[in-house]
$ cat upload_17.csv   # CSV, N, CA and C atoms
chain,number,residue,atom,x,y,z
A,1,MET,N,-15.4,41.6,-28.6
A,1,MET,CA,-15.2,40.2,-28.2
A,1,MET,C,-14.0,40.1,-27.3
A,2,ILE,N,-13.0,40.9,-27.5
A,2,ILE,CA,-11.8,40.8,-26.6
A,2,ILE,C,-12.3,41.2,-25.2
A,3,GLY,N,-11.8,40.4,-24.2
A,3,GLY,CA,-12.2,40.6,-22.9
A,3,GLY,C,-13.4,39.8,-22.4
A,4,SER,N,-14.1,39.1,-23.4
A,4,SER,CA,-15.2,38.2,-23.0
A,4,SER,C,-14.6,36.8,-22.6
A,5,THR,N,-15.4,36.1,-21.8
A,5,THR,CA,-15.0,34.8,-21.4
A,5,THR,C,-15.9,33.7,-22.1
A,6,GLY,N,-15.4,32.5,-22.2
A,6,GLY,CA,-16.1,31.4,-22.7
A,6,GLY,C,-15.6,30.1,-22.2
A,7,VAL,N,-16.2,29.0,-22.8
A,7,VAL,CA,-15.8,27.7,-22.3
A,7,VAL,C,-15.3,26.8,-23.4
A,8,VAL,N,-14.2,26.1,-23.1
A,8,VAL,CA,-13.6,25.2,-24.1
A,8,VAL,C,-14.5,24.0,-24.4
A,9,VAL,N,-14.9,23.8,-25.7
A,9,VAL,CA,-15.7,22.6,-26.0
A,9,VAL,C,-14.9,21.6,-26.8
A,10,LEU,N,-13.7,22.0,-27.3
A,10,LEU,CA,-12.8,21.0,-27.9
A,10,LEU,C,-11.4,21.5,-27.5
A,11,ALA,N,-10.7,20.6,-26.7
A,11,ALA,CA,-9.5,20.9,-26.0
A,11,ALA,C,-8.5,21.6,-27.0
A,12,ILE,N,-7.7,22.6,-26.5
A,12,ILE,CA,-6.8,23.4,-27.2
A,12,ILE,C,-5.4,22.8,-26.9
A,13,GLY,N,-4.6,22.4,-27.9
A,13,GLY,CA,-3.3,21.7,-27.7
A,13,GLY,C,-2.2,22.6,-27.4
A,14,GLY,N,-2.3,23.9,-27.6
A,14,GLY,CA,-1.3,24.9,-27.3
A,14,GLY,C,-0.5,25.2,-28.6
A,15,GLY,N,0.2,26.3,-28.6
A,15,GLY,CA,0.9,26.8,-29.8
A,15,GLY,C,0.0,27.1,-31.0
A,16,GLU,N,0.2,26.5,-32.1
A,16,GLU,CA,-0.6,26.8,-33.3
A,16,GLU,C,-1.8,25.8,-33.4
A,17,SER,N,-1.8,24.8,-32.5
A,17,SER,CA,-2.9,23.8,-32.5
A,17,SER,C,-4.2,24.5,-32.2
A,18,LEU,N,-5.3,24.2,-32.9
A,18,LEU,CA,-6.6,24.8,-32.7
A,18,LEU,C,-7.5,23.9,-31.9
A,19,GLY,N,-8.3,24.5,-31.1
A,19,GLY,CA,-9.4,23.9,-30.4
A,19,GLY,C,-10.7,24.7,-30.7
A,20,GLU,N,-11.7,24.6,-29.9
A,20,GLU,CA,-12.9,25.3,-30.1
A,20,GLU,C,-13.5,25.8,-28.8
A,21,VAL,N,-14.0,27.0,-28.8
A,21,VAL,CA,-14.6,27.6,-27.6
A,21,VAL,C,-16.0,28.1,-27.9
A,22,GLU,N,-16.9,28.1,-26.9
A,22,GLU,CA,-18.2,28.6,-27.0
A,22,GLU,C,-18.3,30.0,-26.2
A,23,LEU,N,-18.7,31.0,-26.9
A,23,LEU,CA,-18.8,32.4,-26.4
A,23,LEU,C,-20.2,32.9,-26.4
A,24,SER,N,-20.5,33.7,-25.5
A,24,SER,CA,-21.8,34.4,-25.5
A,24,SER,C,-21.7,35.6,-26.5
A,25,VAL,N,-22.6,35.6,-27.4
A,25,VAL,CA,-22.6,36.7,-28.5
A,25,VAL,C,-24.1,37.1,-28.7
A,26,GLY,N,-24.4,38.4,-28.6
A,26,GLY,CA,-25.7,38.9,-28.9
A,26,GLY,C,-26.9,38.1,-28.3
A,27,GLY,N,-26.8,37.8,-27.1
A,27,GLY,CA,-27.9,37.1,-26.4
A,27,GLY,C,-27.9,35.6,-26.6
A,28,GLY,N,-27.0,35.1,-27.4
A,28,GLY,CA,-27.0,33.6,-27.6
A,28,GLY,C,-25.5,33.1,-27.5
A,29,THR,N,-25.2,32.0,-28.0
A,29,THR,CA,-23.9,31.5,-27.9
A,29,THR,C,-23.4,31.1,-29.3
A,30,GLU,N,-22.1,31.2,-29.6
A,30,GLU,CA,-21.5,30.8,-30.9
A,30,GLU,C,-20.2,30.1,-30.6
A,31,ARG,N,-19.8,29.2,-31.5
A,31,ARG,CA,-18.6,28.5,-31.3
A,31,ARG,C,-17.5,29.2,-32.3
A,32,TYR,N,-16.3,29.3,-31.8
A,32,TYR,CA,-15.2,29.8,-32.5
A,32,TYR,C,-14.0,28.9,-32.4
A,33,LEU,N,-13.2,28.8,-33.5
A,33,LEU,CA,-11.9,28.1,-33.4
A,33,LEU,C,-11.0,28.9,-32.4
A,34,ALA,N,-10.2,28.3,-31.7
A,34,ALA,CA,-9.4,29.0,-30.7
A,34,ALA,C,-8.0,28.4,-30.6
A,35,ARG,N,-7.0,29.3,-30.3
A,35,ARG,CA,-5.7,28.9,-30.0
A,35,ARG,C,-5.2,29.5,-28.7
A,36,SER,N,-4.2,28.9,-28.1
A,36,SER,CA,-3.6,29.4,-26.9
A,36,SER,C,-2.1,29.0,-26.9
A,37,ALA,N,-1.3,29.8,-26.2
A,37,ALA,CA,0.1,29.4,-26.1
A,37,ALA,C,0.3,28.2,-25.3
A,38,GLU,N,-0.6,27.9,-24.3
A,38,GLU,CA,-0.5,26.8,-23.4
A,38,GLU,C,-1.7,25.9,-23.7
A,39,PRO,N,-1.6,24.6,-23.5
A,39,PRO,CA,-2.7,23.7,-23.7
A,39,PRO,C,-3.8,24.1,-22.7
A,40,VAL,N,-5.1,23.9,-23.2
A,40,VAL,CA,-6.2,24.2,-22.3
A,40,VAL,C,-7.2,23.1,-22.4
A,41,ALA,N,-7.6,22.5,-21.3
A,41,ALA,CA,-8.5,21.3,-21.3
A,41,ALA,C,-10.0,21.6,-21.6
A,42,LEU,N,-10.7,20.6,-21.9
A,42,LEU,CA,-12.1,20.6,-22.1
A,42,LEU,C,-12.8,21.2,-20.9
A,43,ASP,N,-13.8,22.0,-21.1
A,43,ASP,CA,-14.6,22.6,-20.0
A,43,ASP,C,-13.9,23.7,-19.2
A,44,ALA,N,-12.7,24.1,-19.6
A,44,ALA,CA,-12.0,25.2,-18.9
A,44,ALA,C,-12.6,26.5,-19.3
A,45,THR,N,-12.6,27.5,-18.4
A,45,THR,CA,-13.0,28.8,-18.8
A,45,THR,C,-11.8,29.6,-19.3
A,46,VAL,N,-12.1,30.3,-20.4
A,46,VAL,CA,-11.0,31.1,-21.1
A,46,VAL,C,-11.4,32.5,-21.3
A,47,LEU,N,-10.4,33.4,-21.4
A,47,LEU,CA,-10.5,34.8,-21.7
A,47,LEU,C,-10.1,35.1,-23.1
A,48,VAL,N,-10.8,35.8,-23.9
A,48,VAL,CA,-10.5,36.1,-25.3
A,48,VAL,C,-9.5,37.3,-25.2
A,49,VAL,N,-8.3,37.1,-25.8
A,49,VAL,CA,-7.3,38.2,-25.8
A,49,VAL,C,-6.9,38.7,-27.2
A,50,GLY,N,-7.5,38.1,-28.2
A,50,GLY,CA,-7.2,38.5,-29.6
A,50,GLY,C,-8.2,37.9,-30.5
A,51,VAL,N,-8.5,38.6,-31.6
A,51,VAL,CA,-9.4,38.1,-32.7
A,51,VAL,C,-8.7,38.1,-34.0
A,52,LEU,N,-8.8,37.0,-34.7
A,52,LEU,CA,-8.1,36.8,-36.0
A,52,LEU,C,-9.2,36.6,-37.1
A,53,PRO,N,-8.8,36.8,-38.4
A,53,PRO,CA,-9.8,36.5,-39.4
A,53,PRO,C,-10.1,35.0,-39.4
A,54,GLY,N,-11.3,34.7,-39.9
A,54,GLY,CA,-11.7,33.3,-40.1
A,54,GLY,C,-12.3,32.7,-38.8
A,55,ARG,N,-12.9,33.6,-38.0
A,55,ARG,CA,-13.6,33.1,-36.7
A,55,ARG,C,-12.6,32.4,-35.8
A,56,ILE,N,-11.4,32.9,-35.7
A,56,ILE,CA,-10.4,32.3,-34.8
A,56,ILE,C,-10.1,33.4,-33.7
A,57,VAL,N,-10.1,32.9,-32.4
A,57,VAL,CA,-9.8,33.8,-31.3
A,57,VAL,C,-8.5,33.2,-30.6
A,58,ASP,N,-7.7,34.2,-30.0
A,58,ASP,CA,-6.6,33.8,-29.1
A,58,ASP,C,-7.2,33.9,-27.7
A,59,VAL,N,-6.9,32.9,-26.9
A,59,VAL,CA,-7.4,32.8,-25.6
A,59,VAL,C,-6.3,32.5,-24.6
A,60,GLU,N,-6.7,32.8,-23.3
A,60,GLU,CA,-5.8,32.4,-22.2
A,60,GLU,C,-6.7,31.8,-21.1
A,61,ARG,N,-6.2,30.9,-20.4
A,61,ARG,CA,-7.0,30.3,-19.3
A,61,ARG,C,-7.4,31.4,-18.3
A,62,TRP,N,-8.6,31.3,-17.8
A,62,TRP,CA,-9.2,32.3,-17.0
A,62,TRP,C,-9.6,31.7,-15.6
A,63,VAL,N,-9.1,32.3,-14.6
A,63,VAL,CA,-9.4,31.9,-13.2
A,63,VAL,C,-10.1,33.1,-12.6
A,64,PRO,N,-11.5,33.0,-12.3
A,64,PRO,CA,-12.2,34.1,-11.7
A,64,PRO,C,-11.6,34.3,-10.3
A,65,LEU,N,-11.6,35.6,-9.9
A,65,LEU,CA,-11.2,35.9,-8.5
A,65,LEU,C,-12.3,35.6,-7.5
A,66,ALA,N,-11.9,35.1,-6.4
A,66,ALA,CA,-12.9,34.7,-5.4
A,66,ALA,C,-12.8,35.8,-4.3
A,67,PHE,N,-13.9,36.4,-3.9
A,67,PHE,CA,-13.9,37.4,-2.8
A,67,PHE,C,-14.5,36.9,-1.6
$ encode --input "upload_17.csv" --output "structure tokens"
Amino acid sequence: MIGSTGVVVLAIGGGESLGEVELSVGGGTERYLARSAEPVALDATVLVVGVLPGRIVDVERWVPLAF
């Protein structure tokens, strides 16, 4: 799951504040609780950088490279 991208479906407040992200898993999508050091807005794309017990993921804002 680390290295996958997803979309924020419940804004993340930053720090220990939890939000929610939707990730592609096994041909479908699943929602996970998410936290980030910085606030992340609704509909932002994020990168999973860590996985914690209890279906919680650490994420960072993701900006795809344009070629």
$ residues_around --input "upload_17.csv" --residues "Val57 in chain A" --least-positions-apart "2" --cutoff "10 Å" --atoms "only C-alpha atoms" --output "PyMOL selection string"
chain A and resi 1-2+18-21+32-36+47-55+59
$ write_last_selection --input "upload_17.csv" --atoms "N, CA and C atoms" --output "compact mmCIF listing (two decimals), in the coordinates of the input"
# COMPACT_ATOMS: atom_id res chain seq x y z
N MET A 1 -15.40 41.60 -28.60
CA MET A 1 -15.20 40.20 -28.20
C MET A 1 -14.00 40.10 -27.30
N ILE A 2 -13.00 40.90 -27.50
CA ILE A 2 -11.80 40.80 -26.60
C ILE A 2 -12.30 41.20 -25.20
N LEU A 18 -5.30 24.20 -32.90
CA LEU A 18 -6.60 24.80 -32.70
C LEU A 18 -7.50 23.90 -31.90
N GLY A 19 -8.30 24.50 -31.10
CA GLY A 19 -9.40 23.90 -30.40
C GLY A 19 -10.70 24.70 -30.70
N GLU A 20 -11.70 24.60 -29.90
CA GLU A 20 -12.90 25.30 -30.10
C GLU A 20 -13.50 25.80 -28.80
N VAL A 21 -14.00 27.00 -28.80
CA VAL A 21 -14.60 27.60 -27.60
C VAL A 21 -16.00 28.10 -27.90
N TYR A 32 -16.30 29.30 -31.80
CA TYR A 32 -15.20 29.80 -32.50
C TYR A 32 -14.00 28.90 -32.40
N LEU A 33 -13.20 28.80 -33.50
CA LEU A 33 -11.90 28.10 -33.40
C LEU A 33 -11.00 28.90 -32.40
N ALA A 34 -10.20 28.30 -31.70
CA ALA A 34 -9.40 29.00 -30.70
C ALA A 34 -8.00 28.40 -30.60
N ARG A 35 -7.00 29.30 -30.30
CA ARG A 35 -5.70 28.90 -30.00
C ARG A 35 -5.20 29.50 -28.70
N SER A 36 -4.20 28.90 -28.10
CA SER A 36 -3.60 29.40 -26.90
C SER A 36 -2.10 29.00 -26.90
N LEU A 47 -10.40 33.40 -21.40
CA LEU A 47 -10.50 34.80 -21.70
C LEU A 47 -10.10 35.10 -23.10
N VAL A 48 -10.80 35.80 -23.90
CA VAL A 48 -10.50 36.10 -25.30
C VAL A 48 -9.50 37.30 -25.20
N VAL A 49 -8.30 37.10 -25.80
CA VAL A 49 -7.30 38.20 -25.80
C VAL A 49 -6.90 38.70 -27.20
N GLY A 50 -7.50 38.10 -28.20
CA GLY A 50 -7.20 38.50 -29.60
C GLY A 50 -8.20 37.90 -30.50
N VAL A 51 -8.50 38.60 -31.60
CA VAL A 51 -9.40 38.10 -32.70
C VAL A 51 -8.70 38.10 -34.00
N LEU A 52 -8.80 37.00 -34.70
CA LEU A 52 -8.10 36.80 -36.00
C LEU A 52 -9.20 36.60 -37.10
N PRO A 53 -8.80 36.80 -38.40
CA PRO A 53 -9.80 36.50 -39.40
C PRO A 53 -10.10 35.00 -39.40
N GLY A 54 -11.30 34.70 -39.90
CA GLY A 54 -11.70 33.30 -40.10
C GLY A 54 -12.30 32.70 -38.80
N ARG A 55 -12.90 33.60 -38.00
CA ARG A 55 -13.60 33.10 -36.70
C ARG A 55 -12.60 32.40 -35.80
N VAL A 59 -6.90 32.90 -26.90
CA VAL A 59 -7.40 32.80 -25.60
C VAL A 59 -6.30 32.50 -24.60
$ residues_around --input "upload_17.csv" --residues "range 12-14 of chain A" --least-positions-apart "6" --cutoff "6 Å" --atoms "only C-alpha atoms" --output "list of chain:residue names"
A:Ser36, A:Ala37, A:Glu38, A:Pro39, A:Val40
$ select_by_dssp --input "upload_17.csv" --residues "range 17-52 of chain A" --states "strand (DSSP E)" --output "list in words"
Gly19, Glu20, Val21, Glu22, Leu23, Ser24, Val25, Gly28, Thr29, Glu30, Arg31, Tyr32, Leu33, Ala34, Arg35, Thr45, Val46, Leu47, Val48, Val49, Gly50, Val51 and Leu52 of chain A
$ write_last_selection --input "upload_17.csv" --atoms "N, CA and C atoms" --output "PDB file, in the frame of the given file"
ATOM      1  N   GLY A  19      -8.300  24.500 -31.100  1.00  0.00           N
ATOM      2  CA  GLY A  19      -9.400  23.900 -30.400  1.00  0.00           C
ATOM      3  C   GLY A  19     -10.700  24.700 -30.700  1.00  0.00           C
ATOM      4  N   GLU A  20     -11.700  24.600 -29.900  1.00  0.00           N
ATOM      5  CA  GLU A  20     -12.900  25.300 -30.100  1.00  0.00           C
ATOM      6  C   GLU A  20     -13.500  25.800 -28.800  1.00  0.00           C
ATOM      7  N   VAL A  21     -14.000  27.000 -28.800  1.00  0.00           N
ATOM      8  CA  VAL A  21     -14.600  27.600 -27.600  1.00  0.00           C
ATOM      9  C   VAL A  21     -16.000  28.100 -27.900  1.00  0.00           C
ATOM     10  N   GLU A  22     -16.900  28.100 -26.900  1.00  0.00           N
ATOM     11  CA  GLU A  22     -18.200  28.600 -27.000  1.00  0.00           C
ATOM     12  C   GLU A  22     -18.300  30.000 -26.200  1.00  0.00           C
ATOM     13  N   LEU A  23     -18.700  31.000 -26.900  1.00  0.00           N
ATOM     14  CA  LEU A  23     -18.800  32.400 -26.400  1.00  0.00           C
ATOM     15  C   LEU A  23     -20.200  32.900 -26.400  1.00  0.00           C
ATOM     16  N   SER A  24     -20.500  33.700 -25.500  1.00  0.00           N
ATOM     17  CA  SER A  24     -21.800  34.400 -25.500  1.00  0.00           C
ATOM     18  C   SER A  24     -21.700  35.600 -26.500  1.00  0.00           C
ATOM     19  N   VAL A  25     -22.600  35.600 -27.400  1.00  0.00           N
ATOM     20  CA  VAL A  25     -22.600  36.700 -28.500  1.00  0.00           C
ATOM     21  C   VAL A  25     -24.100  37.100 -28.700  1.00  0.00           C
ATOM     22  N   GLY A  28     -27.000  35.100 -27.400  1.00  0.00           N
ATOM     23  CA  GLY A  28     -27.000  33.600 -27.600  1.00  0.00           C
ATOM     24  C   GLY A  28     -25.500  33.100 -27.500  1.00  0.00           C
ATOM     25  N   THR A  29     -25.200  32.000 -28.000  1.00  0.00           N
ATOM     26  CA  THR A  29     -23.900  31.500 -27.900  1.00  0.00           C
ATOM     27  C   THR A  29     -23.400  31.100 -29.300  1.00  0.00           C
ATOM     28  N   GLU A  30     -22.100  31.200 -29.600  1.00  0.00           N
ATOM     29  CA  GLU A  30     -21.500  30.800 -30.900  1.00  0.00           C
ATOM     30  C   GLU A  30     -20.200  30.100 -30.600  1.00  0.00           C
ATOM     31  N   ARG A  31     -19.800  29.200 -31.500  1.00  0.00           N
ATOM     32  CA  ARG A  31     -18.600  28.500 -31.300  1.00  0.00           C
ATOM     33  C   ARG A  31     -17.500  29.200 -32.300  1.00  0.00           C
ATOM     34  N   TYR A  32     -16.300  29.300 -31.800  1.00  0.00           N
ATOM     35  CA  TYR A  32     -15.200  29.800 -32.500  1.00  0.00           C
ATOM     36  C   TYR A  32     -14.000  28.900 -32.400  1.00  0.00           C
ATOM     37  N   LEU A  33     -13.200  28.800 -33.500  1.00  0.00           N
ATOM     38  CA  LEU A  33     -11.900  28.100 -33.400  1.00  0.00           C
ATOM     39  C   LEU A  33     -11.000  28.900 -32.400  1.00  0.00           C
ATOM     40  N   ALA A  34     -10.200  28.300 -31.700  1.00  0.00           N
ATOM     41  CA  ALA A  34      -9.400  29.000 -30.700  1.00  0.00           C
ATOM     42  C   ALA A  34      -8.000  28.400 -30.600  1.00  0.00           C
ATOM     43  N   ARG A  35      -7.000  29.300 -30.300  1.00  0.00           N
ATOM     44  CA  ARG A  35      -5.700  28.900 -30.000  1.00  0.00           C
ATOM     45  C   ARG A  35      -5.200  29.500 -28.700  1.00  0.00           C
ATOM     46  N   THR A  45     -12.600  27.500 -18.400  1.00  0.00           N
ATOM     47  CA  THR A  45     -13.000  28.800 -18.800  1.00  0.00           C
ATOM     48  C   THR A  45     -11.800  29.600 -19.300  1.00  0.00           C
ATOM     49  N   VAL A  46     -12.100  30.300 -20.400  1.00  0.00           N
ATOM     50  CA  VAL A  46     -11.000  31.100 -21.100  1.00  0.00           C
ATOM     51  C   VAL A  46     -11.400  32.500 -21.300  1.00  0.00           C
ATOM     52  N   LEU A  47     -10.400  33.400 -21.400  1.00  0.00           N
ATOM     53  CA  LEU A  47     -10.500  34.800 -21.700  1.00  0.00           C
ATOM     54  C   LEU A  47     -10.100  35.100 -23.100  1.00  0.00           C
ATOM     55  N   VAL A  48     -10.800  35.800 -23.900  1.00  0.00           N
ATOM     56  CA  VAL A  48     -10.500  36.100 -25.300  1.00  0.00           C
ATOM     57  C   VAL A  48      -9.500  37.300 -25.200  1.00  0.00           C
ATOM     58  N   VAL A  49      -8.300  37.100 -25.800  1.00  0.00           N
ATOM     59  CA  VAL A  49      -7.300  38.200 -25.800  1.00  0.00           C
ATOM     60  C   VAL A  49      -6.900  38.700 -27.200  1.00  0.00           C
ATOM     61  N   GLY A  50      -7.500  38.100 -28.200  1.00  0.00           N
ATOM     62  CA  GLY A  50      -7.200  38.500 -29.600  1.00  0.00           C
ATOM     63  C   GLY A  50      -8.200  37.900 -30.500  1.00  0.00           C
ATOM     64  N   VAL A  51      -8.500  38.600 -31.600  1.00  0.00           N
ATOM     65  CA  VAL A  51      -9.400  38.100 -32.700  1.00  0.00           C
ATOM     66  C   VAL A  51      -8.700  38.100 -34.000  1.00  0.00           C
ATOM     67  N   LEU A  52      -8.800  37.000 -34.700  1.00  0.00           N
ATOM     68  CA  LEU A  52      -8.100  36.800 -36.000  1.00  0.00           C
ATOM     69  C   LEU A  52      -9.200  36.600 -37.100  1.00  0.00           C
TER      70      LEU A  52
END
$ atom_distance --input "upload_17.csv" --atom1 "CA of Thr5 in chain A" --atom2 "atom C of Ala66 in chain A"
17.3 Å
$ closest_residue --input "upload_17.csv" --among "A:Ser24, A:Glu30, A:Trp62, A:Phe67" --to "Thr45 in chain A" --atoms "only C-alpha atoms"
A:Trp62
$ closest_residue --input "upload_17.csv" --among "A:Gly15, A:Thr29, A:Glu22, A:Gly6" --to "Arg61 in chain A" --atoms "only C-alpha atoms"
A:Gly6
$ atom_distance --input "upload_17.csv" --atom1 "atom C of Pro64 in chain A" --atom2 "CA of Ser17 in chain A"
26.1 Å
$ closest_residue --input "upload_17.csv" --among "A:Asp58, A:Ala11, A:Ser4, A:Ala41" --to "Leu23 in chain A" --atoms "only C-alpha atoms"
A:Ser4
$ closest_residue --input "upload_17.csv" --among "A:Arg31, A:Val46, A:Val25, A:Val9" --to "Val63 in chain A" --atoms "only N, CA and C atoms"
A:Val46
$ atom_distance --input "upload_17.csv" --atom1 "atom C of Leu42 in chain A" --atom2 "atom N of Leu65 in chain A"
18.2 Å
$ build_atoms --input "upload_17.csv" --residues "range 16-36 of chain A" --atoms "N, CA, C and O atoms" --output "PDB file, in the coordinates of the input"
ATOM      1  N   GLU A  16       0.200  26.500 -32.100  1.00  0.00           N
ATOM      2  CA  GLU A  16      -0.600  26.800 -33.300  1.00  0.00           C
ATOM      3  C   GLU A  16      -1.800  25.800 -33.400  1.00  0.00           C
ATOM      4  O   GLU A  16      -2.570  25.856 -34.340  1.00  0.00           O
ATOM      5  N   SER A  17      -1.800  24.800 -32.500  1.00  0.00           N
ATOM      6  CA  SER A  17      -2.900  23.800 -32.500  1.00  0.00           C
ATOM      7  C   SER A  17      -4.200  24.500 -32.200  1.00  0.00           C
ATOM      8  O   SER A  17      -4.330  25.307 -31.231  1.00  0.00           O
ATOM      9  N   LEU A  18      -5.300  24.200 -32.900  1.00  0.00           N
ATOM     10  CA  LEU A  18      -6.600  24.800 -32.700  1.00  0.00           C
ATOM     11  C   LEU A  18      -7.500  23.900 -31.900  1.00  0.00           C
ATOM     12  O   LEU A  18      -7.498  22.693 -32.065  1.00  0.00           O
ATOM     13  N   GLY A  19      -8.300  24.500 -31.100  1.00  0.00           N
ATOM     14  CA  GLY A  19      -9.400  23.900 -30.400  1.00  0.00           C
ATOM     15  C   GLY A  19     -10.700  24.700 -30.700  1.00  0.00           C
ATOM     16  O   GLY A  19     -10.740  25.409 -31.703  1.00  0.00           O
ATOM     17  N   GLU A  20     -11.700  24.600 -29.900  1.00  0.00           N
ATOM     18  CA  GLU A  20     -12.900  25.300 -30.100  1.00  0.00           C
ATOM     19  C   GLU A  20     -13.500  25.800 -28.800  1.00  0.00           C
ATOM     20  O   GLU A  20     -13.423  25.072 -27.743  1.00  0.00           O
ATOM     21  N   VAL A  21     -14.000  27.000 -28.800  1.00  0.00           N
ATOM     22  CA  VAL A  21     -14.600  27.600 -27.600  1.00  0.00           C
ATOM     23  C   VAL A  21     -16.000  28.100 -27.900  1.00  0.00           C
ATOM     24  O   VAL A  21     -16.365  28.352 -29.057  1.00  0.00           O
ATOM     25  N   GLU A  22     -16.900  28.100 -26.900  1.00  0.00           N
ATOM     26  CA  GLU A  22     -18.200  28.600 -27.000  1.00  0.00           C
ATOM     27  C   GLU A  22     -18.300  30.000 -26.200  1.00  0.00           C
ATOM     28  O   GLU A  22     -17.952  30.003 -25.048  1.00  0.00           O
ATOM     29  N   LEU A  23     -18.700  31.000 -26.900  1.00  0.00           N
ATOM     30  CA  LEU A  23     -18.800  32.400 -26.400  1.00  0.00           C
ATOM     31  C   LEU A  23     -20.200  32.900 -26.400  1.00  0.00           C
ATOM     32  O   LEU A  23     -20.924  32.573 -27.363  1.00  0.00           O
ATOM     33  N   SER A  24     -20.500  33.700 -25.500  1.00  0.00           N
ATOM     34  CA  SER A  24     -21.800  34.400 -25.500  1.00  0.00           C
ATOM     35  C   SER A  24     -21.700  35.600 -26.500  1.00  0.00           C
ATOM     36  O   SER A  24     -20.838  36.441 -26.318  1.00  0.00           O
ATOM     37  N   VAL A  25     -22.600  35.600 -27.400  1.00  0.00           N
ATOM     38  CA  VAL A  25     -22.600  36.700 -28.500  1.00  0.00           C
ATOM     39  C   VAL A  25     -24.100  37.100 -28.700  1.00  0.00           C
ATOM     40  O   VAL A  25     -24.869  36.226 -29.120  1.00  0.00           O
ATOM     41  N   GLY A  26     -24.400  38.400 -28.600  1.00  0.00           N
ATOM     42  CA  GLY A  26     -25.700  38.900 -28.900  1.00  0.00           C
ATOM     43  C   GLY A  26     -26.900  38.100 -28.300  1.00  0.00           C
ATOM     44  O   GLY A  26     -27.849  37.886 -29.008  1.00  0.00           O
ATOM     45  N   GLY A  27     -26.800  37.800 -27.100  1.00  0.00           N
ATOM     46  CA  GLY A  27     -27.900  37.100 -26.400  1.00  0.00           C
ATOM     47  C   GLY A  27     -27.900  35.600 -26.600  1.00  0.00           C
ATOM     48  O   GLY A  27     -28.810  34.921 -26.095  1.00  0.00           O
ATOM     49  N   GLY A  28     -27.000  35.100 -27.400  1.00  0.00           N
ATOM     50  CA  GLY A  28     -27.000  33.600 -27.600  1.00  0.00           C
ATOM     51  C   GLY A  28     -25.500  33.100 -27.500  1.00  0.00           C
ATOM     52  O   GLY A  28     -24.710  33.833 -26.865  1.00  0.00           O
ATOM     53  N   THR A  29     -25.200  32.000 -28.000  1.00  0.00           N
ATOM     54  CA  THR A  29     -23.900  31.500 -27.900  1.00  0.00           C
ATOM     55  C   THR A  29     -23.400  31.100 -29.300  1.00  0.00           C
ATOM     56  O   THR A  29     -24.234  30.688 -30.178  1.00  0.00           O
ATOM     57  N   GLU A  30     -22.100  31.200 -29.600  1.00  0.00           N
ATOM     58  CA  GLU A  30     -21.500  30.800 -30.900  1.00  0.00           C
ATOM     59  C   GLU A  30     -20.200  30.100 -30.600  1.00  0.00           C
ATOM     60  O   GLU A  30     -19.538  30.456 -29.596  1.00  0.00           O
ATOM     61  N   ARG A  31     -19.800  29.200 -31.500  1.00  0.00           N
ATOM     62  CA  ARG A  31     -18.600  28.500 -31.300  1.00  0.00           C
ATOM     63  C   ARG A  31     -17.500  29.200 -32.300  1.00  0.00           C
ATOM     64  O   ARG A  31     -17.850  29.503 -33.424  1.00  0.00           O
ATOM     65  N   TYR A  32     -16.300  29.300 -31.800  1.00  0.00           N
ATOM     66  CA  TYR A  32     -15.200  29.800 -32.500  1.00  0.00           C
ATOM     67  C   TYR A  32     -14.000  28.900 -32.400  1.00  0.00           C
ATOM     68  O   TYR A  32     -13.804  28.240 -31.390  1.00  0.00           O
ATOM     69  N   LEU A  33     -13.200  28.800 -33.500  1.00  0.00           N
ATOM     70  CA  LEU A  33     -11.900  28.100 -33.400  1.00  0.00           C
ATOM     71  C   LEU A  33     -11.000  28.900 -32.400  1.00  0.00           C
ATOM     72  O   LEU A  33     -11.156  30.177 -32.367  1.00  0.00           O
ATOM     73  N   ALA A  34     -10.200  28.300 -31.700  1.00  0.00           N
ATOM     74  CA  ALA A  34      -9.400  29.000 -30.700  1.00  0.00           C
ATOM     75  C   ALA A  34      -8.000  28.400 -30.600  1.00  0.00           C
ATOM     76  O   ALA A  34      -7.768  27.229 -30.801  1.00  0.00           O
ATOM     77  N   ARG A  35      -7.000  29.300 -30.300  1.00  0.00           N
ATOM     78  CA  ARG A  35      -5.700  28.900 -30.000  1.00  0.00           C
ATOM     79  C   ARG A  35      -5.200  29.500 -28.700  1.00  0.00           C
ATOM     80  O   ARG A  35      -5.672  30.583 -28.332  1.00  0.00           O
ATOM     81  N   SER A  36      -4.200  28.900 -28.100  1.00  0.00           N
ATOM     82  CA  SER A  36      -3.600  29.400 -26.900  1.00  0.00           C
ATOM     83  C   SER A  36      -2.100  29.000 -26.900  1.00  0.00           C
ATOM     84  O   SER A  36      -1.758  27.942 -27.395  1.00  0.00           O
TER      85      SER A  36
END
